[in-house]
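Below is one structure; the comments refer to it alone.
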Amino acid sequence: MDCSAIRNFIRRYCAGEENWVDSRSVYVGHREPPPGTEAYIPQRYPDNTIVSSKYTFWNFIPKNLFEQFRRIANFYFLIIFLVQLIIDTPTSPVTSGLPLFFVITVTAIKQGYEDWLRHKADNAVNQCPVHVVQHGKLVQKQSQKLRVGDIVMVKEDETFPCDLIFLSSSREDGTCFVTTASLDGESSHKTYYAVQDTKAFRSEEEIDTVHATIECEQPQPDLYKFVGRINIYQRRDEPVARSLGSENLLLRGATVKNTQRVFGVAIYTGMETKMALNYQAKSQKRSAVEKSMNAFLIVYLCILISKALINTSLKYLWQSEPFRDEPWYNKKTDAERQRNVFLRVLTDFLAFMVLFNYIIPVSMYVTVEMQKFLGSYFITWDEDMFDEDLGEGALVNTSDLNEELGQVEYVFTDKTGTLTENNMEFIECCIDGHLYVPNIICNGQILPGCTGIDMIDSSPGGLGREREELFFRAVCLCHTVQVKDDDVMDGMKKGRRHSAKSSSVYISSSPDEVALVEGMKRLGYEYLRMKDNFMEIETRESKVERYEQLEVLSFDSVRRRMSVIVRSSTGDIYLFCKGADSSIFPRVTEGKVQQIQARVELNAVEGLRTLCVAYKKMSHEEYDRAATILQSAKLALQDRDKKLAEAYDQIETNLVLLGATAVEDSLQEKAADTIEALHKGGMKVWVLTGDKMETASATCFACKLFRRNTQLLELTTKRIEEQNLHDVLFDLRKTVLRHSGSLTRESISGLSNELPDFGLIIDGATLSLLLKPAEDGSLGNYKELFLEICRNCSAVLCCRMAPLQKAQIVKMIKASKEHPITLAIGDGANDVSMILEAHVGIGLMGKEGRQAARNSDYAVPKFKHLKKMLLVHGHLYYIRISELVQYFFYKNVCFILPQFLYQFYCGFSQQPLYDAAYLTLYNISFTSLPILLYSLMEQHVSMEMLKREPSLYRDIAKNALLRWRLFIYWTLLGAFDAVVFFYGAYFLFDNTSLTSNGQMFGNWTFGTLVFTVLVFTVTLKLALDTRYWTWVNHFVIWGSLLFYVVFSLLWGGIIWPFLNYQRMYFVFMQLLSSGPAWLAIILIVIICLLPDVVKKVMCRQLWPTAAEKVQKLMTDKSSVSTVLSNGEPLLDGPHSTSDA
């Protein structure tokens, strides 16, 4: 069949589908179509194998090595190692090769282990058994062996192994109930519908007789969109064509509920399923600190190359005099004289490179890796992040991003299961102005044992009593709740019938509906079941009433209401309607609107989810007209949704207001407190959810993301229909920028707190328009306009988001001109994409599986633990590693600059200033442990204070401690100290006898004196920077200095048999026997440390940072205890970060 004909046919039968992509043909049960109907074209599709791993057995070594040597540092050390192997250099290749081999091996083992775990998880999924119908019988297969066209049987509580077209189920009406928590975060039950012509085939033998062909779109990631058709061949008759939509598509990852078994035909398998298309490959994440390290490394590489070039040039300038080039004691051989000049220059240049290469020691990268690995245990050991209910604490899946936790600027969070417990509870209802609270107030009377509850109105009578009963009936009948009799059902609320011992479990696509029906049960009206299109309810008097359900006017996000038309046993016809107050009040002509509206507004302020309930009694003529309009709209193939909306609008008029309900979606413990702390820390919080706008908005108010004075701006499908996207964006931009200007002016006078802030709400459909590639340049600025609006909003809510759209939003913010650090947190498989996309991904160990926790960088039991994770652990990790990086560059400038200066006094002969043992052990032993311990244990401010004062987080924002200004300061400080080391020792040696017998010291003694001053200075510099002293700090810092002294005494005091020559013999002892040498060491160390101490004292007095203010306050323990006992903030006024 011609492809264009297929497209036209699908467009004709599937109204509203505009963006049709190329189609695929699927033969149900692999049965060829009858001769003469259409050509049989077998197509090849991938099998059902899922792959989330990165490596295979064969490509692990080359791929991992390639990735590791993409790091500038690893590649640099590899080049240095090769140079040391090729040419004669002043130092041994072992000094570079061993540390490099250690780093590469440890990293490869870690990454290999992580990928092995992913392989293990993939195998568990791929080898899971599934049931396939073959020749009228059920055959068990491994999941990975499923093929497109296979008819699959799935039992209750099992997960769909691939994307299936729903053919039939064990239910007579051809429906099934599915929970899609792992896909879109909604744990409520959704109803799916079998193909009309196959729903009667309920056994394997019957379903195997189905002869049909499915034409559908190629795989695409949108969970809520599907376009297709099925041609069913019935004997010799013409094939029957039925349109297929998203309500017929059962998605991989969804779970069957309340249905014994389901038959479906596989249409998308493996990596082509919508679930797999919404996953993103796990890429290697790099922290901002690592990027800074790489930038600093490039600077030091330039310094290194400059040093080597200067020394090489000066060497040949020095040797231009014949007596210097070939002194009498060092004559050249003939081979050396004939050697190519260019080769000699290159060799000397590389030799200088190797000599000075210690300015960038590989030990820094080893120390950083160890710091990250060991530091990650402080998160897992943190008892404050242990959850008693789960019996688990925080997990660290990757330690590479510890410091990134201290740099977060945007937090993207899921709603269902992350901010909320997803546990709806009916709180109250207001009927005709009278308040009803289950088990507390009923009929205006306070129930026994509930003293202290305020009365609102007296008991209704007459008309009020009639309205009360109508309200209870309306709520019991106006819903899509299904009932299952069972004692236990996962994740669903239960209610017990008063008249029976069995329990009834309510199932609905909306948790609100379950909460409302259960609330009515607690108030005396119980919904029993629907049987043969009759709804049964039990009244307070234990009387069972039956209502025939005539029509259901479904809920949608534009109308924000739903209705049912029912006929009572007496023949009366009622329309019961419930919905948002904004959609009900304009349609009401009677009722106590003002009283009910006041109660609704009060509940909304308290963060409760409110619905209004209304009704009207219809005559038979009115119902007949309504039924005709509805039937005409339902049969329309073009613009069906639009015609149904118009029909609903005509029918839902002239209503009588009955009352309103209030439902609470319980937030996770301390969710609001956590969001408030994140805001104080300077972070912007966005909520990304697949839930409805009304639900999500109510949650945002409850968790204080939106405040009482927040003015909500909507960028939704409803508004785009009224106004074009271009105009809406410009209107919103004008609004927020006008407010931004007035906020700045008012802030000066201290009145900014009285001004309203803005909260933006956007839905998935509008986001698709914003991210749609522009056909011409005029549409290219939509994304920038959107970002500008978002920057001026205090909070953003994105609802009806597909998983991939969540990742797109995170990616868009990451790519904006500020390049902020992002964090994503969620608990379901639908959050995996954004978790992988964000700089830092955190998974919650929630009720929706462990996909998020497995794919995240960190996992925590509850949302509240994010507060300590960022404000305490993240802050301290960043402070520690920043000092580690700056200190390492500082101490290596101190180490290698004297070596550079020494070349001016040794004829540029590449003579080392330090002994080989000192060269090797300086970074490995003498100075490594103190900084490693500092980077693990330092607390410049106590943990309790960091948690109490979130504003301290702003001090370190935007990589504040690794900016170029501070890097240059540390480098210049190192250069100053190095010059003082060298020339302090040089002038001491100049024409001076340092021993009592008048003996002069040689070059190794000079080098040892410089090295001794160097080790003491850099170690004491770290001691001055340390604020958190423990016995371990004392042991390591003073122990390192003692170890250096003891090692030098042993190294120079014993004849070592494995050495060919021993140039350091007795050098250190002779140096220590000299009084002037002792004096020189003390004076030089003091001179080196003095400028840094003076600078710190001045900055603390003149330009203190917030952390330094807290440190100063902490020294006055009496004032601190007073402030803490009163619950007052330590830092008064608006926080400002100092550059100091």
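Scheme for the structure tokens: letters A, B, ... for chains in order shown; per-chain residue numbers from 1; ligand numbers from 1 in order shown.
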Spatial neighbours of A:Val728, max dist 9 Å, only C-alpha atoms, sep filter under 6 positions, as a compact mmCIF listing (two decimals) with N, CA and C atoms, in the first residue's frame:
# COMPACT_ATOMS: atom_id res chain seq x y z
N LEU A 715 1.62 29.87 31.36
CA LEU A 715 2.06 29.70 29.98
C LEU A 715 1.60 28.31 29.57
N ARG A 719 -4.08 29.16 27.50
CA ARG A 719 -3.79 30.56 27.20
C ARG A 719 -3.29 30.72 25.76
N ILE A 720 -2.53 29.74 25.28
CA ILE A 720 -2.02 29.82 23.91
C ILE A 720 -3.18 29.76 22.91
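Shortest separation to A:Lys958 among A:Ser320, A:Asn126, A:Thr822, A:Thr273 occurs at residue A:Thr822, atoms counted being only C-alpha atoms.
Of the listed residues (A:Thr107, A:Asn123, A:Ser925, A:Thr920), A:Thr920 comes nearest to A:Ser92; the distances count only C-alpha atoms.
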Nearby residues (only C-alpha atoms) at most 8 Å from stretch 876-884 of chain A, same-chain spacing under 2 positions excluded, as a PDB file with N, CA and C atoms, in the first residue's frame:
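Result saved to selection_1.pdb:
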ATOM      1  N   VAL A 289      34.867  22.058  39.789  1.00  0.00           N
ATOM      2  CA  VAL A 289      36.222  22.065  40.345  1.00  0.00           C
ATOM      3  C   VAL A 289      37.194  21.380  39.395  1.00  0.00           C
ATOM      4  N   VAL A 368      43.292  13.972  45.026  1.00  0.00           N
ATOM      5  CA  VAL A 368      41.911  14.377  44.768  1.00  0.00           C
ATOM      6  C   VAL A 368      41.011  13.153  44.681  1.00  0.00           C
ATOM      7  N   GLN A 371      40.590  11.809  48.143  1.00  0.00           N
ATOM      8  CA  GLN A 371      39.732  12.696  48.931  1.00  0.00           C
ATOM      9  C   GLN A 371      38.266  12.480  48.584  1.00  0.00           C
ATOM     10  N   GLY A 375      35.999  10.811  51.241  1.00  0.00           N
ATOM     11  CA  GLY A 375      35.028  11.805  51.696  1.00  0.00           C
ATOM     12  C   GLY A 375      33.596  11.371  51.504  1.00  0.00           C
ATOM     13  N   ASN A 402      31.268  15.153  44.608  1.00  0.00           N
ATOM     14  CA  ASN A 402      31.005  15.587  45.987  1.00  0.00           C
ATOM     15  C   ASN A 402      30.991  17.100  46.111  1.00  0.00           C
ATOM     16  N   GLU A 403      32.016  17.748  45.541  1.00  0.00           N
ATOM     17  CA  GLU A 403      32.135  19.204  45.684  1.00  0.00           C
ATOM     18  C   GLU A 403      31.074  19.946  44.887  1.00  0.00           C
ATOM     19  N   GLU A 404      30.493  19.276  43.863  1.00  0.00           N
ATOM     20  CA  GLU A 404      29.452  19.917  43.063  1.00  0.00           C
ATOM     21  C   GLU A 404      28.188  20.150  43.887  1.00  0.00           C
ATOM     22  N   LEU A 405      28.035  19.375  44.960  1.00  0.00           N
ATOM     23  CA  LEU A 405      26.896  19.566  45.856  1.00  0.00           C
ATOM     24  C   LEU A 405      26.939  20.945  46.518  1.00  0.00           C
ATOM     25  N   GLY A 406      28.104  21.566  46.545  1.00  0.00           N
ATOM     26  CA  GLY A 406      28.239  22.884  47.139  1.00  0.00           C
ATOM     27  C   GLY A 406      28.127  24.018  46.146  1.00  0.00           C
ATOM     28  N   GLN A 407      27.777  23.705  44.890  1.00  0.00           N
ATOM     29  CA  GLN A 407      27.738  24.719  43.840  1.00  0.00           C
ATOM     30  C   GLN A 407      26.382  24.818  43.142  1.00  0.00           C
ATOM     31  N   VAL A 872      25.270  21.390  54.109  1.00  0.00           N
ATOM     32  CA  VAL A 872      26.343  20.973  55.017  1.00  0.00           C
ATOM     33  C   VAL A 872      27.424  20.201  54.262  1.00  0.00           C
ATOM     34  N   HIS A 873      27.061  19.018  53.754  1.00  0.00           N
ATOM     35  CA  HIS A 873      28.081  18.201  53.084  1.00  0.00           C
ATOM     36  C   HIS A 873      28.621  18.896  51.840  1.00  0.00           C
ATOM     37  N   GLY A 874      27.724  19.411  51.006  1.00  0.00           N
ATOM     38  CA  GLY A 874      28.175  20.074  49.782  1.00  0.00           C
ATOM     39  C   GLY A 874      29.058  21.270  50.077  1.00  0.00           C
ATOM     40  N   GLN A 886      44.105  24.622  45.372  1.00  0.00           N
ATOM     41  CA  GLN A 886      44.934  25.826  45.433  1.00  0.00           C
ATOM     42  C   GLN A 886      46.235  25.554  46.182  1.00  0.00           C
ATOM     43  N   TYR A 887      46.138  24.794  47.259  1.00  0.00           N
ATOM     44  CA  TYR A 887      47.324  24.494  48.073  1.00  0.00           C
ATOM     45  C   TYR A 887      48.328  23.648  47.295  1.00  0.00           C
ATOM     46  N   PHE A 888      47.815  22.681  46.516  1.00  0.00           N
ATOM     47  CA  PHE A 888      48.726  21.831  45.746  1.00  0.00           C
ATOM     48  C   PHE A 888      49.496  22.646  44.715  1.00  0.00           C
ATOM     49  N   ILE A 931      47.470  17.698  53.856  1.00  0.00           N
ATOM     50  CA  ILE A 931      46.423  18.282  53.016  1.00  0.00           C
ATOM     51  C   ILE A 931      45.310  17.273  52.765  1.00  0.00           C
ATOM     52  N   LEU A 932      45.642  15.988  52.691  1.00  0.00           N
ATOM     53  CA  LEU A 932      44.597  14.972  52.519  1.00  0.00           C
ATOM     54  C   LEU A 932      43.679  14.968  53.739  1.00  0.00           C
ATOM     55  N   TYR A 934      43.260  17.431  55.905  1.00  0.00           N
ATOM     56  CA  TYR A 934      42.535  18.704  55.909  1.00  0.00           C
ATOM     57  C   TYR A 934      41.317  18.617  54.994  1.00  0.00           C
ATOM     58  N   SER A 935      41.502  18.038  53.813  1.00  0.00           N
ATOM     59  CA  SER A 935      40.421  17.970  52.824  1.00  0.00           C
ATOM     60  C   SER A 935      39.338  16.971  53.216  1.00  0.00           C
ATOM     61  N   LEU A 936      39.593  16.185  54.268  1.00  0.00           N
ATOM     62  CA  LEU A 936      38.590  15.243  54.745  1.00  0.00           C
ATOM     63  C   LEU A 936      37.870  15.736  56.004  1.00  0.00           C
ATOM     64  N   GLU A 938      38.274  19.221  57.623  1.00  0.00           N
ATOM     65  CA  GLU A 938      38.163  20.640  57.940  1.00  0.00           C
ATOM     66  C   GLU A 938      36.706  21.096  58.029  1.00  0.00           C
ATOM     67  N   GLN A 939      36.414  21.881  59.061  1.00  0.00           N
ATOM     68  CA  GLN A 939      35.097  22.522  59.216  1.00  0.00           C
ATOM     69  C   GLN A 939      35.354  23.976  59.599  1.00  0.00           C
ATOM     70  N   ILE A 956      29.963  30.594  48.740  1.00  0.00           N
ATOM     71  CA  ILE A 956      30.799  29.750  47.871  1.00  0.00           C
ATOM     72  C   ILE A 956      30.178  29.569  46.490  1.00  0.00           C
ATOM     73  N   LEU A 961      35.701  30.100  45.341  1.00  0.00           N
ATOM     74  CA  LEU A 961      37.029  29.861  45.902  1.00  0.00           C
ATOM     75  C   LEU A 961      38.035  29.374  44.864  1.00  0.00           C
ATOM     76  N   LEU A 962      37.603  29.207  43.636  1.00  0.00           N
ATOM     77  CA  LEU A 962      38.534  28.790  42.572  1.00  0.00           C
ATOM     78  C   LEU A 962      38.485  29.771  41.407  1.00  0.00           C
TER      79      LEU A 962
END
Write out as a PyMOL selection string the set of residues from stretch 69-110 of chain A that DSSP, computed on the backbone, places in alpha helix (DSSP H). chain A and resi 69+72-86+94-110
Selection to disk with N, CA, C and O atoms, as a CSV table (one decimal), in the first residue's frame:
chain,number,residue,atom,x,y,z
A,69,PHE,N,42.4,9.0,29.0
A,69,PHE,CA,43.5,9.9,28.4
A,69,PHE,C,42.9,11.1,27.7
A,69,PHE,O,43.7,11.9,27.2
A,72,ILE,N,43.1,16.0,30.3
A,72,ILE,CA,44.4,16.7,30.0
A,72,ILE,C,45.5,16.2,30.9
A,72,ILE,O,46.6,16.0,30.4
A,73,ALA,N,45.2,16.0,32.2
A,73,ALA,CA,46.3,15.7,33.1
A,73,ALA,C,46.9,14.3,32.8
A,73,ALA,O,48.1,14.1,32.8
A,74,ASN,N,46.0,13.3,32.6
A,74,ASN,CA,46.5,12.0,32.3
A,74,ASN,C,47.3,11.9,31.0
A,74,ASN,O,48.3,11.3,30.9
A,75,PHE,N,46.8,12.7,30.0
A,75,PHE,CA,47.5,12.7,28.7
A,75,PHE,C,48.9,13.3,28.9
A,75,PHE,O,49.9,12.9,28.4
A,76,TYR,N,48.9,14.4,29.7
A,76,TYR,CA,50.2,15.1,29.9
A,76,TYR,C,51.2,14.2,30.6
A,76,TYR,O,52.4,14.1,30.2
A,77,PHE,N,50.8,13.5,31.7
A,77,PHE,CA,51.7,12.6,32.4
A,77,PHE,C,52.2,11.4,31.5
A,77,PHE,O,53.3,10.9,31.7
A,78,LEU,N,51.3,11.0,30.6
A,78,LEU,CA,51.7,10.0,29.7
A,78,LEU,C,52.8,10.4,28.8
A,78,LEU,O,53.8,9.7,28.6
A,79,ILE,N,52.7,11.7,28.3
A,79,ILE,CA,53.7,12.2,27.4
A,79,ILE,C,55.1,12.4,28.2
A,79,ILE,O,56.1,12.0,27.7
A,80,ILE,N,55.0,12.9,29.4
A,80,ILE,CA,56.2,13.0,30.2
A,80,ILE,C,56.9,11.7,30.5
A,80,ILE,O,58.1,11.5,30.4
A,81,PHE,N,56.0,10.7,30.8
A,81,PHE,CA,56.6,9.3,31.0
A,81,PHE,C,57.3,8.8,29.7
A,81,PHE,O,58.4,8.2,29.8
A,82,LEU,N,56.7,9.0,28.6
A,82,LEU,CA,57.3,8.5,27.3
A,82,LEU,C,58.6,9.3,27.0
A,82,LEU,O,59.6,8.7,26.6
A,83,VAL,N,58.6,10.6,27.3
A,83,VAL,CA,59.9,11.3,27.1
A,83,VAL,C,61.0,10.8,28.0
A,83,VAL,O,62.1,10.7,27.6
A,84,GLN,N,60.6,10.5,29.3
A,84,GLN,CA,61.6,10.0,30.2
A,84,GLN,C,62.2,8.6,29.7
A,84,GLN,O,63.3,8.3,30.0
A,85,LEU,N,61.3,7.8,29.0
A,85,LEU,CA,61.8,6.6,28.5
A,85,LEU,C,62.7,6.7,27.3
A,85,LEU,O,63.6,6.0,27.1
A,86,ILE,N,62.4,7.8,26.5
A,86,ILE,CA,63.1,7.9,25.2
A,86,ILE,C,64.5,8.6,25.4
A,86,ILE,O,65.5,8.1,24.8
A,94,VAL,N,60.4,6.1,36.5
A,94,VAL,CA,59.5,5.5,37.5
A,94,VAL,C,58.8,6.6,38.3
A,94,VAL,O,57.6,6.4,38.7
A,95,THR,N,59.4,7.8,38.4
A,95,THR,CA,58.8,8.8,39.2
A,95,THR,C,57.5,9.3,38.6
A,95,THR,O,56.6,9.8,39.3
A,96,SER,N,57.3,9.2,37.3
A,96,SER,CA,56.1,9.6,36.6
A,96,SER,C,55.2,8.4,36.3
A,96,SER,O,54.0,8.4,36.3
A,97,GLY,N,55.8,7.3,35.9
A,97,GLY,CA,55.1,6.1,35.4
A,97,GLY,C,54.3,5.4,36.5
A,97,GLY,O,53.1,5.1,36.3
A,98,LEU,N,54.8,5.2,37.7
A,98,LEU,CA,54.1,4.5,38.8
A,98,LEU,C,52.8,5.2,39.2
A,98,LEU,O,51.8,4.6,39.3
A,99,PRO,N,52.9,6.5,39.6
A,99,PRO,CA,51.7,7.2,40.0
A,99,PRO,C,50.6,7.2,38.9
A,99,PRO,O,49.4,7.1,39.1
A,100,LEU,N,51.1,7.4,37.6
A,100,LEU,CA,50.1,7.4,36.5
A,100,LEU,C,49.4,6.0,36.4
A,100,LEU,O,48.2,5.9,36.2
A,101,PHE,N,50.2,5.0,36.5
A,101,PHE,CA,49.7,3.6,36.4
A,101,PHE,C,48.7,3.4,37.5
A,101,PHE,O,47.6,2.8,37.3
A,102,PHE,N,49.0,3.9,38.7
A,102,PHE,CA,48.1,3.7,39.9
A,102,PHE,C,46.7,4.4,39.6
A,102,PHE,O,45.7,3.8,39.8
A,103,VAL,N,46.8,5.7,39.1
A,103,VAL,CA,45.5,6.4,38.9
A,103,VAL,C,44.7,5.7,37.8
A,103,VAL,O,43.5,5.6,38.0
A,104,ILE,N,45.3,5.4,36.7
A,104,ILE,CA,44.6,4.7,35.6
A,104,ILE,C,43.9,3.4,36.1
A,104,ILE,O,42.8,3.1,35.8
A,105,THR,N,44.7,2.6,36.8
A,105,THR,CA,44.2,1.3,37.2
A,105,THR,C,43.0,1.4,38.2
A,105,THR,O,42.0,0.8,38.1
A,106,VAL,N,43.2,2.3,39.2
A,106,VAL,CA,42.1,2.5,40.2
A,106,VAL,C,40.8,3.0,39.5
A,106,VAL,O,39.7,2.5,39.8
A,107,THR,N,41.0,4.0,38.6
A,107,THR,CA,39.8,4.5,37.9
A,107,THR,C,39.1,3.5,37.1
A,107,THR,O,37.9,3.4,37.0
A,108,ALA,N,39.9,2.7,36.4
A,108,ALA,CA,39.4,1.6,35.5
A,108,ALA,C,38.6,0.6,36.3
A,108,ALA,O,37.5,0.1,35.9
A,109,ILE,N,39.2,0.2,37.4
A,109,ILE,CA,38.5,-0.8,38.3
A,109,ILE,C,37.2,-0.3,38.8
A,109,ILE,O,36.2,-1.0,38.8
A,110,LYS,N,37.2,1.0,39.2
A,110,LYS,CA,35.9,1.6,39.7
A,110,LYS,C,34.9,1.7,38.6
A,110,LYS,O,33.7,1.3,38.9
Can you tell me which residues surround stretch 681-688 of chain A at a distance of at most 6 Å, considering only C-alpha atoms, apart from same-chain residues fewer than 5 positions away, and format the answer as a PyMOL selection string? chain A and resi 409-414+795-798+950-951+953-954
Given the selection you just returned, output its residues as a file containing all heavy atoms, formatted as a compact mmCIF listing (two decimals), in the first residue's frame.
# COMPACT_ATOMS: atom_id res chain seq x y z
N GLU A 409 22.87 25.78 41.79
CA GLU A 409 22.12 27.02 41.64
C GLU A 409 20.65 26.76 41.29
O GLU A 409 19.78 27.57 41.61
CB GLU A 409 22.76 27.89 40.54
CG GLU A 409 24.17 28.35 40.88
CD GLU A 409 24.86 29.00 39.70
OE1 GLU A 409 24.40 30.06 39.25
OE2 GLU A 409 25.85 28.42 39.21
N TYR A 410 20.38 25.66 40.59
CA TYR A 410 19.01 25.30 40.23
C TYR A 410 18.72 23.89 40.74
O TYR A 410 19.52 22.97 40.51
CB TYR A 410 18.81 25.33 38.71
CG TYR A 410 18.59 26.71 38.14
CD1 TYR A 410 19.66 27.55 37.89
CD2 TYR A 410 17.31 27.17 37.82
CE1 TYR A 410 19.48 28.83 37.36
CE2 TYR A 410 17.11 28.43 37.29
CZ TYR A 410 18.20 29.25 37.06
OH TYR A 410 17.99 30.50 36.53
N VAL A 411 17.59 23.73 41.43
CA VAL A 411 17.14 22.41 41.88
C VAL A 411 15.87 22.06 41.12
O VAL A 411 14.87 22.79 41.19
CB VAL A 411 16.88 22.40 43.39
CG1 VAL A 411 16.29 21.05 43.82
CG2 VAL A 411 18.15 22.68 44.17
N PHE A 412 15.90 20.96 40.37
CA PHE A 412 14.73 20.48 39.64
C PHE A 412 14.20 19.25 40.38
O PHE A 412 14.93 18.26 40.54
CB PHE A 412 15.10 20.11 38.20
CG PHE A 412 15.61 21.26 37.40
CD1 PHE A 412 16.97 21.51 37.30
CD2 PHE A 412 14.74 22.11 36.74
CE1 PHE A 412 17.45 22.58 36.57
CE2 PHE A 412 15.20 23.19 36.01
CZ PHE A 412 16.56 23.43 35.93
N THR A 413 12.96 19.34 40.83
CA THR A 413 12.42 18.24 41.62
C THR A 413 11.14 17.71 41.02
O THR A 413 10.34 18.46 40.46
CB THR A 413 12.18 18.68 43.08
OG1 THR A 413 11.51 17.62 43.78
CG2 THR A 413 11.32 19.94 43.15
N ASP A 414 10.97 16.41 41.13
CA ASP A 414 9.70 15.76 40.80
C ASP A 414 8.71 16.09 41.91
O ASP A 414 9.09 16.55 42.99
CB ASP A 414 9.93 14.26 40.68
CG ASP A 414 8.67 13.48 40.37
OD1 ASP A 414 7.86 13.99 39.57
OD2 ASP A 414 8.47 12.40 40.94
N ALA A 795 9.80 31.06 41.48
CA ALA A 795 9.61 29.60 41.37
C ALA A 795 8.92 29.29 40.05
O ALA A 795 8.19 30.11 39.50
CB ALA A 795 8.76 29.10 42.53
N VAL A 796 9.19 28.08 39.54
CA VAL A 796 8.61 27.65 38.27
C VAL A 796 8.03 26.25 38.45
O VAL A 796 8.65 25.38 39.05
CB VAL A 796 9.66 27.65 37.13
CG1 VAL A 796 9.04 27.15 35.83
CG2 VAL A 796 10.26 29.04 36.94
N LEU A 797 6.82 26.08 37.94
CA LEU A 797 6.16 24.77 37.95
C LEU A 797 5.93 24.32 36.52
O LEU A 797 5.30 25.02 35.73
CB LEU A 797 4.82 24.86 38.69
CG LEU A 797 3.85 23.69 38.50
CD1 LEU A 797 4.45 22.40 39.04
CD2 LEU A 797 2.51 23.97 39.17
N CYS A 798 6.46 23.17 36.17
CA CYS A 798 6.26 22.59 34.84
C CYS A 798 5.42 21.33 35.01
O CYS A 798 5.86 20.37 35.64
CB CYS A 798 7.60 22.23 34.19
SG CYS A 798 8.75 23.61 34.11
N PRO A 950 21.40 28.88 56.18
CA PRO A 950 21.53 28.50 54.76
C PRO A 950 22.21 29.58 53.91
O PRO A 950 22.80 29.27 52.89
CB PRO A 950 20.07 28.30 54.32
CG PRO A 950 19.31 28.06 55.58
CD PRO A 950 19.99 28.86 56.63
N SER A 951 22.13 30.85 54.35
CA SER A 951 22.70 31.94 53.55
C SER A 951 24.22 31.80 53.41
O SER A 951 24.81 32.40 52.51
CB SER A 951 22.36 33.29 54.17
OG SER A 951 22.80 33.36 55.50
N TYR A 953 25.67 29.40 52.30
CA TYR A 953 25.89 28.69 51.03
C TYR A 953 26.21 29.67 49.91
O TYR A 953 26.90 29.33 48.96
CB TYR A 953 24.63 27.88 50.71
CG TYR A 953 24.79 26.83 49.62
CD1 TYR A 953 25.26 25.56 49.93
CD2 TYR A 953 24.44 27.10 48.30
CE1 TYR A 953 25.38 24.58 48.96
CE2 TYR A 953 24.55 26.13 47.32
CZ TYR A 953 25.02 24.88 47.66
OH TYR A 953 25.14 23.92 46.68
N ARG A 954 25.68 30.90 50.03
CA ARG A 954 25.93 31.90 48.98
C ARG A 954 27.40 32.30 48.91
O ARG A 954 27.86 32.78 47.88
CB ARG A 954 25.07 33.14 49.24
CG ARG A 954 23.57 32.91 49.19
CD ARG A 954 22.83 34.13 49.69
NE ARG A 954 21.38 33.93 49.73
CZ ARG A 954 20.54 34.44 48.84
NH1 ARG A 954 20.99 35.16 47.84
NH2 ARG A 954 19.24 34.23 48.95
Can you pull out every residue within 7 Å of stretch 187-201 of chain A, counting only C-alpha atoms, but drop anything in the same chain fewer than 3 positions away, and send it as an NGL selection string? :A and (166-169 or 174-181 or 206-207 or 247-248 or 507-511)
To test your reading of the structure, identify every residue in stretch 758-897 of chain A that backbone DSSP assigns to strand (DSSP E or B), and report it as a ChimeraX atom specification. /A:758-763,795-799,822-826,840-844,858-860
Write out as a ChimeraX atom specification the residues lying within 8 Å of stretch 519-533 of chain A, counting only C-alpha atoms and excluding same-chain residues fewer than 2 positions away. /A:425-427,438-439,442,472-473,475-477,482-483,495,497,504,515-517,535-540,548-549
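When atom CA of A:Val26 is paired with atom CA of A:Arg171, their separation reads 25.5 Å.
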Taking only C-alpha atoms into account, which of A:Glu272, A:Asp831, A:Asp512, A:Glu676 comes nearest A:Leu804? A:Asp831
Could you tell me how far atom CA of A:Ile267 sits from atom CA of A:Val148, in Å to one decimal place? 5.1 Å
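Of the residues under consideration (A:Phe1068, A:Tyr45, A:Tyr233, A:Phe66), A:Tyr45 shows the shortest atom-to-atom contact distance to A:Gly149 when counting only C-alpha atoms.
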Got a sec: who's within 12 Å of A:Ser306, counting only C-alpha atoms, leaving out chain neighbours fewer than 6 positions off, as a PyMOL selection string? chain A and resi 299-300+312-313+349+352-353+356-357+900
